Amino acid sequence: MPFITIDVLREDINREKKQELIRKISEVVTTVLNKDPHLTHIVINEIEDDNWGYAGEQVSVLKEQGFSTAKK
């Protein structure tokens with residue numbers, strides 16, 4: 001029984017995007033690992049910018065300096 005945890009920044013991730021993420025990851029697990037999707041558990045943890053660090057700095061501070069998590 002796969003148990004998958006996804007950590008994301010709490011930003012622009014609405015209910016529909018979460019559902020799409022859950023559905024697509026379930027499909028991959030079914031295809032690649034041949035697992036029953038009814039036995040696949042997925043948890044999405046939303047983390048505040050102040051609680052996520054990257055390159056020695058809080059993401060909230062990096063965003064204040066112009067850092068973006070948007071796809072380029």
# chains A, B, ... in the order shown; residues from 1 in each chain; ligands from 1

call {"tool": "select_by_dssp", "arguments": {"residues": "chain A", "states": "strand (DSSP E)", "output": "PyMOL selection string"}}
result
chain A and resi 3-9+41-47+53-54+57-58

call {"tool": "residues_around", "arguments": {"residues": "stretch 39-47 of chain A", "least_positions_apart": "3", "cutoff": "8 Å", "atoms": "only C-alpha atoms", "output": "list in words"}}
result
Met1, Pro2, Phe3, Ile4, Thr5, Ile6, Asp7, Val8, Leu9, Arg10, Lys18, Ile22, Ser26, Val29, Lys35, Asp36, Asn51 and Trp52 of chain A

call {"tool": "write_last_selection", "arguments": {"atoms": "N, CA and C atoms", "output": "CSV table (one decimal), in the first residue's frame"}}
result
chain,number,residue,atom,x,y,z
A,1,MET,N,0.8,-1.2,0.0
A,1,MET,CA,0.0,0.0,0.0
A,1,MET,C,0.9,1.2,0.0
A,2,PRO,N,1.0,2.0,-1.1
A,2,PRO,CA,1.8,3.2,-1.2
A,2,PRO,C,1.2,4.3,-0.3
A,3,PHE,N,2.1,5.0,0.4
A,3,PHE,CA,1.7,6.2,1.1
A,3,PHE,C,2.6,7.3,0.6
A,4,ILE,N,2.1,8.3,0.0
A,4,ILE,CA,2.9,9.3,-0.7
A,4,ILE,C,2.6,10.7,0.0
A,5,THR,N,3.6,11.4,0.4
A,5,THR,CA,3.5,12.7,1.0
A,5,THR,C,4.1,13.7,0.1
A,6,ILE,N,3.4,14.8,-0.1
A,6,ILE,CA,3.8,15.9,-1.0
A,6,ILE,C,3.9,17.2,-0.1
A,7,ASP,N,5.0,17.8,-0.1
A,7,ASP,CA,5.1,19.1,0.6
A,7,ASP,C,5.2,20.2,-0.4
A,8,VAL,N,4.3,21.2,-0.3
A,8,VAL,CA,4.3,22.3,-1.2
A,8,VAL,C,4.2,23.6,-0.4
A,9,LEU,N,4.6,24.7,-1.0
A,9,LEU,CA,4.4,26.0,-0.4
A,9,LEU,C,2.9,26.3,-0.5
A,10,ARG,N,2.4,27.0,0.6
A,10,ARG,CA,1.0,27.4,0.6
A,10,ARG,C,0.9,28.6,-0.3
A,18,LYS,N,-5.2,20.5,-6.3
A,18,LYS,CA,-4.9,19.4,-5.4
A,18,LYS,C,-5.5,18.1,-5.9
A,22,ILE,N,-3.4,14.8,-7.0
A,22,ILE,CA,-3.8,13.5,-6.4
A,22,ILE,C,-4.1,12.5,-7.5
A,26,SER,N,-1.7,9.3,-8.5
A,26,SER,CA,-2.3,7.9,-8.4
A,26,SER,C,-2.2,7.1,-9.7
A,29,VAL,N,1.5,5.9,-10.0
A,29,VAL,CA,1.7,4.8,-9.1
A,29,VAL,C,1.1,3.5,-9.6
A,35,LYS,N,0.1,-0.8,-8.7
A,35,LYS,CA,-0.6,-0.8,-7.4
A,35,LYS,C,-2.1,-0.4,-7.6
A,36,ASP,N,-2.9,-0.9,-6.8
A,36,ASP,CA,-4.4,-0.6,-6.8
A,36,ASP,C,-4.6,0.8,-6.3
A,51,ASN,N,8.3,28.9,7.0
A,51,ASN,CA,8.7,27.6,7.5
A,51,ASN,C,9.4,26.8,6.4
A,52,TRP,N,9.8,27.4,5.3
A,52,TRP,CA,10.5,26.6,4.3
A,52,TRP,C,11.8,27.4,4.0

call {"tool": "atom_distance", "arguments": {"atom1": "atom CA of A:Val59", "atom2": "atom CA of A:Ile13"}}
result
16.6 Å

call {"tool": "atom_distance", "arguments": {"atom1": "atom CA of A:Lys71", "atom2": "atom CA of A:Ala55"}}
result
18.4 Å

call {"tool": "atom_distance", "arguments": {"atom1": "atom CA of A:Pro37", "atom2": "atom CA of A:Asn14"}}
result
22.5 Å

call {"tool": "select_by_dssp", "arguments": {"residues": "chain A", "states": "helix (DSSP H, G or I)", "output": "VMD selection string"}}
result
chain A and resid 15 to 33 37 to 39 49 to 51 59 to 64

call {"tool": "residues_around", "arguments": {"residues": "A:Asp50", "least_positions_apart": "3", "cutoff": "8 Å", "atoms": "only C-alpha atoms", "output": "ChimeraX atom specification"}}
result
/A:53,58-61
